[in-house]
Structure formats: structure tokens, C-alpha cells
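Here is the structure we will look at.
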Amino acid sequence: MEHWAGVIMAAGAGRRMVSRIPKPLHKVCGKELIRYPVELLRGLGIERILVVVSPSTLAPLQAALGDGVEYVIQPVSRGTGDAAAHAIAALPEGTTNLVLLGSDSPLLRQESIQQLVEKHPGGGGAMTMLTAPDMLAPDLGRVLRNDDGQVVDLVEAADSDQEAWAPAEVNAGAYCFSRSWLEEMLPRVAPSASGEIYLTSLVPLAAQNGDEVDTVASEMPEEIFGVNDRVQLTQVEAIMRWQILENLMRSGVTVQDPGSVYIDSDVSIGCDTVIRPNTSVLGNTVIGEGCEIGPNSVILDSRIGNECRVTASMLEEATMEDGVDVGPFSHLRPGAYLETGVHLGNYVEIKESRLGRGVLAGHFSYLGDATIGAETNIGAGTVTCNFDGKDKHRTSIGESAFIGCDTMLVAPVSVGDGAATGAGSVVTKDVPQNLLAVGVPARIRANNQRRDTKTPN
């Protein structure tokens with residue numbers, strides 16, 4: 001793909017979205033619309049990708065996509081043909097062919113565009129387009145052919161004399177062009193009544209000029225559906241969500257109730273994991289094998305190892321190693337890291353804390369800005385008091401410690417290996433290893449006689 005470039009049309013106003021957010025930044029299955037064509041083109045091996053934007057959408061699109069693409073500004077919205085002309089002007093010498101896509105068709109498959117690319121130079125045509133036959137799509141342009149089957153025109157459905165809801169071969173809005181041909185023909189396109197220049201007007205010009213317009217028929221017609229308003233946004237998302245679930249189920253994941261499960265496009269889930277009803281797995285979450293997730297759970301941008309269980313709980317930017325059990329009704333906030341064998345019961349909240357191997361916290365506790373050593377037991381009602389009204393402070397608890405019920409750990413503070421606190425203690429000073437602290441404020445009373453036990457609270 002050395003001599004190819006990709007162009008993505010993203011300069012439209014998107015007025016039918018009725019939104020302050022530019023249409024390309026509305027999300028489908030957790031990802032902005034604009035990301036789908038960018039990732040598709042990269043998957044084809046196209047390195048130079050140009051995104052045509054308006055002056056008002058440049059900044060938000062740059063914020064979303066960063067420097068991985070080039071931005072071409074269309075100063076005035078004068079249609080897709082004018083946008084293509086601006087893109088061509090920005091291309092370096094040596095680019096001979098273009099793949100041109102919209103920013104609002106997230107269902108387009110890489111396989112279809114690959115076929116488009118492969119047919120374009122092989123067929124010798126100046127223009128190759130993706131179509132879908134026999135589609136009930138009244139808002140898409142219709143392909144007209146002559147008696148020899150050659151494409152001679154594209155007619156918008158609203159302007160067609162055909163029955164509006166009759167099946168027809170329709171234009172998917174995905175094209176390949178010869179750069180030299182496009183540079184030659186675009187100046188010949190007559191503006192519409194509104195003054196806009198449309199790419200679709202190139203088709204009758206090609207026919208008049210004796211240039212061949214090739215087509216590739218989509219094998220999955222639903223991929224051509226685009227997004228013009230929020231109703232279509234929901235319709236497209238419903239299709240994609242089912243595709244995601246179907247792919248997961250065929251790869252060995254059990255989804256008990258697909259109608260109540262929401263899984264984003266970038267999620268990865270291992271074999272023999274079960275997703276129970278009313279569960280959302282979102283963002284860039286990775287879940288290992290043999291897990292049980294849900295019911296009634298939300299997992300966002302988290303990493304979950306093998307053989308884990310999350311019941312009626314929420315995870316945000318959290319990490320669980322293998323064999324971790326969480327819930328019900330627990331909350332892992334950003335920075336929570338649970339090592340192998342950790343058990344969290346009901347109503348436990350973890351934030352910016354690392355819990356070592358085999359830590360137990362069975363009941364309603366808050367552990368924030370803490371480091372907790374392996375095999376430590378956290379009693380019911382334990383709170384790390386990490387905020388003094390101005391700054392956050394950390395709590396450190398050693399290995400095989402025993403934190404009694406309703407202990408308040410006033411950070412910064414540390415509890416040594418094998419140490420213990422009595423029920424209701426307010427710990428304001430460090431507790432040395434293997435010693436017991438009790439009272440309000442807590443004082444060191446004796447050696448911890450329970451340091452060799454592992455009985456959970």
C-alpha cells in the first residue's frame with residue numbers, strides 16, 4: 001500500500017444529531033465513530049491517512065485522534081467533492097490511489113474495503129465503489145446501470161422516480177479513486193442547487209467520458225448502514241453489539257442473556273468465561289479464561305485474570321490477578337490492584353491500593369491509598385482515613401496482619417507484619433510487627449497472639 005492514501009470525510013455539520021458534539025465523536029460500542037474508519041485503513045496497511053475537518057471540528061477531532069493522522073481543513077462546507085479536492089491538494093507526490101470513506105459508517109468491514117482495493121487497480125477503472133444489492137435503504141443513493149450492466153449514474157432516493165421503499169442496489173459511500181483521474185474530473189463537477197459539489201456526480205461524468213466505474217457488492221449488506229441521527233446511531237449500535245456477542249460466543253464465551261449484556265468493541269474475553277445477565281463490559285477491558293462476571297456488574301477499562309469472579313460489583317481501571325473473588329456490591333476504583341487469591345465480600349471499596357496475595361476483606365470496608373501485605377485479614381468496617389482535608393496520605397499494612405472490626409487507620413500510618421488491631425481501634429501511630437494495638441487512640445498492649453492464624457473475620 002506504499003502508493004495509497006486514505007481519506008476520511010469528517011467535515012459535515014451533522015445537524016440531524018442535534019448535538020454540541022461533532023457527529024464523528026459520537027460513540028458506538030464505546031468508541032467514537034471516527035475511530036472505526038481510521039482503524040480500518042490502518043488494518044489495510046495504509047500509513048498516510050487524511051481526515052477532512054471543518055474549522056470548528058479540528059480541535060475536538062485532534063484531541064480524540066492525536067497525531068496519528070493528518071488533518072485537512074475544508075474552510076467552507078461545500079460538499080464531499082470539495083472536501084476530496086482539499087484532500088488531494090494535501091497529498092504528496094507519489095500517491096497514486098485513494099481509499100475514501102465517510103466518518104459515520106462504523107459497520108464497514110475491512111474485508112469489503114480490501115476487496116475494493118484489490119479490484120480497483122486490477123479492473124483498470126478510474127473509480128471503484130462499494131454497493132449493496134436489493135437493499136431497503138430509502139436514504140441511500142441508488143445505483144443505475146445500463147442494459148450492459150455498466151454503472152451510469154447515482155440517484156439520491158429522494159430524487160428517484162422509483163417507489164421510495166422498493167429494494168434497489170445502493171451506494172455504500174466507500175470508494176477507491178485513481179488520483180490523476182480524480183484531479184482531472186473534480187473540476188468538471190457542476191455544483192448542485194445549494195452550491196455544493198458531490199462525489200456522486202462523478203459517476204455520470206465517468207459514464208459520459210467512457211471511463212469505467214467498477215463495483216464490489218457487499219456480502220453483509222448491513223455493514224453499509226450509516227449514522228445521520230440518534231435513531232440510526234442506536235440502530236447501528238444494536239447491530240454491532242450483536243456482532244460482538246456472536247463473535248465472543250463462537251470463540252468460547254458464554255453469554256447467558258445477550259439482550260441484557262453490553263460489551264464494547266475493544267473488549268477481550270477468554271474461553272470458558274461466563275457473562276451473566278445485566279452486565280456491561282466496557283472500554284479496553286481484558287478478562288481471562290474461566291471467569292464468572294455478573295450478574296449486575298459493570299467492568300470498565302480493567303484487567304481481570306483467569307478463574308476470577310465478579311458478582312454485582314463495579315470495576316473502574318482496576319486489576320485483578322488470577323483467582324480473585326469480588327462482591328456482591330463492591331467497588332474497585334482506579335488504581336485498585338488485587339493479587340492472586342484476594343477475596344472481597346460485600347460493600348468493599350478499593351481505591352489506589354494494592355492488596356497482596358490472599359488478602360481477605362469480607363465486609364463493608366474502605367481501603368484507599370493503601371498497600372496491604374499477603375495473607376492479611378481486614379475486619380468488617382475497616383477504614384483507611386487517607387484524606388486530612390487537604391492532602392491524601394498512604395497506609396501500609398504488612399503481611400499476615402489482623403485488622404480488627406471497625407478499625408480506623410489514620411494515614412500516614414503503618415502496621416507491621418503479623419501485627420493486629422483490636423476492634424474499634426483508632427490507629428494514629430505506627431504499629432510494630434507482631435504487636436497488638438487497641439483503644440482510642442490505639443496503644444501498643446501486647447504481642448499479637450493471633451499472628452499465626454488465618455481465620456477470616
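Within each chain, counting starts at residue 1; across the C-alpha cells, chains are named A, B, ... in the order shown, with ligands numbered 1 upward in that order.
Those residues that approach stretch 207-211 of chain A to within 12 Å, counting only C-alpha atoms, are Gly123, Gly124, Gly125, Ala126, Met127, Thr128, Leu144, Arg145, Asn146, Gln150, Val151, Val152, Asp153, Leu154, Phe177, Ser178, Trp181, Leu182, Glu184, Met185, Arg188, Ser201, Leu202, Val203, Pro204 and Asp214 of chain A; same-chain residues fewer than 3 positions away are not listed.
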Quick one: everything within 9 Å of stretch 296-307 of chain A, counting only C-alpha atoms, minus sequence neighbours fewer than 4 positions away in the same chain. Send it as a PyMOL selection string.
chain A and resi 267+270+273+276-292+311-325+329+334+340
Between A:Met220, A:Val326, A:Val255, A:Leu360, single out the one closest to A:Pro133, counting only C-alpha atoms.
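Of the candidates, the smallest distance to A:Pro133 is held by A:Met220.
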Check which residues of stretch 192-293 of chain A sit at most 6 Å from stretch 62-86 of chain A using only C-alpha atoms, and return one row each with the closest pair of atoms and their distance in Å to one decimal, ordered by chain and rising number, as a tab-separated table.
```
residue	atom	partner	partner_atom	distance
A:Glu196	CA	A:Arg78	CA	4.4
A:Ile197	CA	A:Gly79	CA	4.9
A:Tyr198	CA	A:Gly81	CA	4.5
A:Leu199	CA	A:Gly81	CA	4.5
```
Export all heavy atoms of the chosen residues as a compact mmCIF listing (two decimals), in the first residue's frame?
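Printed below is result03.txt as written:
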```
# COMPACT_ATOMS: atom_id res chain seq x y z
N GLU A 196 -23.21 23.03 -3.55
CA GLU A 196 -22.29 22.00 -3.09
C GLU A 196 -21.84 21.12 -4.25
O GLU A 196 -22.56 20.93 -5.24
CB GLU A 196 -22.93 21.17 -1.99
CG GLU A 196 -23.23 21.98 -0.72
CD GLU A 196 -23.66 21.10 0.44
OE1 GLU A 196 -24.12 19.96 0.18
OE2 GLU A 196 -23.54 21.53 1.59
N ILE A 197 -20.66 20.55 -4.09
CA ILE A 197 -20.07 19.66 -5.10
C ILE A 197 -20.05 18.26 -4.49
O ILE A 197 -19.46 18.05 -3.42
CB ILE A 197 -18.66 20.12 -5.47
CG1 ILE A 197 -18.72 21.52 -6.10
CG2 ILE A 197 -18.00 19.14 -6.44
CD1 ILE A 197 -17.36 22.16 -6.31
N TYR A 198 -20.66 17.30 -5.19
CA TYR A 198 -20.80 15.96 -4.63
C TYR A 198 -19.94 14.95 -5.38
O TYR A 198 -19.85 14.97 -6.62
CB TYR A 198 -22.27 15.52 -4.71
CG TYR A 198 -23.18 16.35 -3.84
CD1 TYR A 198 -24.19 17.12 -4.41
CD2 TYR A 198 -23.03 16.36 -2.46
CE1 TYR A 198 -25.04 17.87 -3.63
CE2 TYR A 198 -23.87 17.12 -1.66
CZ TYR A 198 -24.88 17.87 -2.24
OH TYR A 198 -25.70 18.62 -1.46
N LEU A 199 -19.35 14.03 -4.63
CA LEU A 199 -18.59 12.95 -5.25
C LEU A 199 -19.46 12.08 -6.15
O LEU A 199 -19.01 11.57 -7.17
CB LEU A 199 -17.96 12.08 -4.16
CG LEU A 199 -16.64 12.54 -3.55
CD1 LEU A 199 -16.28 11.64 -2.38
CD2 LEU A 199 -15.52 12.53 -4.59
```
Would you return as number ranges by chain the members of stretch 312-421 of chain A that DSSP assigns to strand (DSSP E or B) on this structure's backbone?
A: 314-316, 319-320, 325-326, 331-332, 337-338, 343-351, 354-355, 360-368, 370-372, 377-378, 383-385, 387, 392, 395-397, 402-403, 408-410, 413-415, 420-421
Please provide the set of residues having any atom within 10 Å of A:Arg35, restricted to only C-alpha atoms, with same-chain residues fewer than 6 positions apart removed, written as number ranges by chain.
A: 24-25, 27-28, 64-65, 103-104, 106
Would you put the residues from that selection into a file with all heavy atoms, as a PDB file, in the first residue's frame?
```pdb
ATOM      1  N   PRO A  24     -18.756  12.920  14.244  1.00  0.00           N
ATOM      2  CA  PRO A  24     -17.737  11.863  14.273  1.00  0.00           C
ATOM      3  C   PRO A  24     -17.281  11.467  15.672  1.00  0.00           C
ATOM      4  O   PRO A  24     -16.618  10.442  15.827  1.00  0.00           O
ATOM      5  CB  PRO A  24     -16.574  12.480  13.480  1.00  0.00           C
ATOM      6  CG  PRO A  24     -17.197  13.513  12.611  1.00  0.00           C
ATOM      7  CD  PRO A  24     -18.321  14.074  13.425  1.00  0.00           C
ATOM      8  N   LEU A  25     -17.632  12.253  16.684  1.00  0.00           N
ATOM      9  CA  LEU A  25     -17.208  11.935  18.045  1.00  0.00           C
ATOM     10  C   LEU A  25     -18.305  11.271  18.866  1.00  0.00           C
ATOM     11  O   LEU A  25     -18.077  10.950  20.038  1.00  0.00           O
ATOM     12  CB  LEU A  25     -16.712  13.199  18.755  1.00  0.00           C
ATOM     13  CG  LEU A  25     -15.447  13.821  18.156  1.00  0.00           C
ATOM     14  CD1 LEU A  25     -15.012  15.032  18.950  1.00  0.00           C
ATOM     15  CD2 LEU A  25     -14.312  12.796  18.070  1.00  0.00           C
ATOM     16  N   LYS A  27     -20.343   8.068  20.006  1.00  0.00           N
ATOM     17  CA  LYS A  27     -19.763   6.735  20.212  1.00  0.00           C
ATOM     18  C   LYS A  27     -20.717   5.608  19.840  1.00  0.00           C
ATOM     19  O   LYS A  27     -21.922   5.706  20.052  1.00  0.00           O
ATOM     20  CB  LYS A  27     -19.330   6.573  21.671  1.00  0.00           C
ATOM     21  CG  LYS A  27     -18.160   7.462  22.060  1.00  0.00           C
ATOM     22  CD  LYS A  27     -17.700   7.188  23.481  1.00  0.00           C
ATOM     23  CE  LYS A  27     -16.483   8.039  23.835  1.00  0.00           C
ATOM     24  NZ  LYS A  27     -15.990   7.764  25.201  1.00  0.00           N
ATOM     25  N   VAL A  28     -20.134   4.562  19.322  1.00  0.00           N
ATOM     26  CA  VAL A  28     -20.822   3.291  19.078  1.00  0.00           C
ATOM     27  C   VAL A  28     -20.000   2.201  19.740  1.00  0.00           C
ATOM     28  O   VAL A  28     -18.805   2.056  19.446  1.00  0.00           O
ATOM     29  CB  VAL A  28     -20.981   3.013  17.572  1.00  0.00           C
ATOM     30  CG1 VAL A  28     -21.424   1.586  17.332  1.00  0.00           C
ATOM     31  CG2 VAL A  28     -21.973   3.986  16.956  1.00  0.00           C
ATOM     32  N   ALA A  64      -9.201  13.839  20.019  1.00  0.00           N
ATOM     33  CA  ALA A  64      -9.593  12.428  20.035  1.00  0.00           C
ATOM     34  C   ALA A  64      -8.590  11.530  19.331  1.00  0.00           C
ATOM     35  O   ALA A  64      -8.283  10.438  19.810  1.00  0.00           O
ATOM     36  CB  ALA A  64     -10.969  12.264  19.383  1.00  0.00           C
ATOM     37  N   LEU A  65      -8.046  11.976  18.197  1.00  0.00           N
ATOM     38  CA  LEU A  65      -7.205  11.119  17.368  1.00  0.00           C
ATOM     39  C   LEU A  65      -5.718  11.360  17.540  1.00  0.00           C
ATOM     40  O   LEU A  65      -4.903  10.503  17.178  1.00  0.00           O
ATOM     41  CB  LEU A  65      -7.570  11.296  15.889  1.00  0.00           C
ATOM     42  CG  LEU A  65      -8.977  10.871  15.478  1.00  0.00           C
ATOM     43  CD1 LEU A  65      -9.215  11.207  14.014  1.00  0.00           C
ATOM     44  CD2 LEU A  65      -9.187   9.382  15.722  1.00  0.00           C
ATOM     45  N   SER A 103     -17.107   9.152   7.763  1.00  0.00           N
ATOM     46  CA  SER A 103     -16.786   9.004   9.189  1.00  0.00           C
ATOM     47  C   SER A 103     -17.963   8.467   9.986  1.00  0.00           C
ATOM     48  O   SER A 103     -17.898   8.418  11.211  1.00  0.00           O
ATOM     49  CB  SER A 103     -16.369  10.360   9.766  1.00  0.00           C
ATOM     50  OG  SER A 103     -17.439  11.295   9.658  1.00  0.00           O
ATOM     51  N   ASP A 104     -19.042   8.059   9.295  1.00  0.00           N
ATOM     52  CA  ASP A 104     -20.266   7.700  10.005  1.00  0.00           C
ATOM     53  C   ASP A 104     -20.784   6.313   9.631  1.00  0.00           C
ATOM     54  O   ASP A 104     -21.969   6.038   9.753  1.00  0.00           O
ATOM     55  CB  ASP A 104     -21.352   8.742   9.738  1.00  0.00           C
ATOM     56  CG  ASP A 104     -21.651   8.938   8.259  1.00  0.00           C
ATOM     57  OD1 ASP A 104     -21.040   8.232   7.434  1.00  0.00           O
ATOM     58  OD2 ASP A 104     -22.484   9.800   7.933  1.00  0.00           O
ATOM     59  N   PRO A 106     -19.635   2.897  10.888  1.00  0.00           N
ATOM     60  CA  PRO A 106     -18.741   2.073  11.693  1.00  0.00           C
ATOM     61  C   PRO A 106     -18.851   0.585  11.430  1.00  0.00           C
ATOM     62  O   PRO A 106     -17.996  -0.185  11.882  1.00  0.00           O
ATOM     63  CB  PRO A 106     -19.162   2.402  13.129  1.00  0.00           C
ATOM     64  CG  PRO A 106     -20.606   2.788  13.008  1.00  0.00           C
ATOM     65  CD  PRO A 106     -20.699   3.519  11.701  1.00  0.00           C
TER      66      PRO A 106
END
```
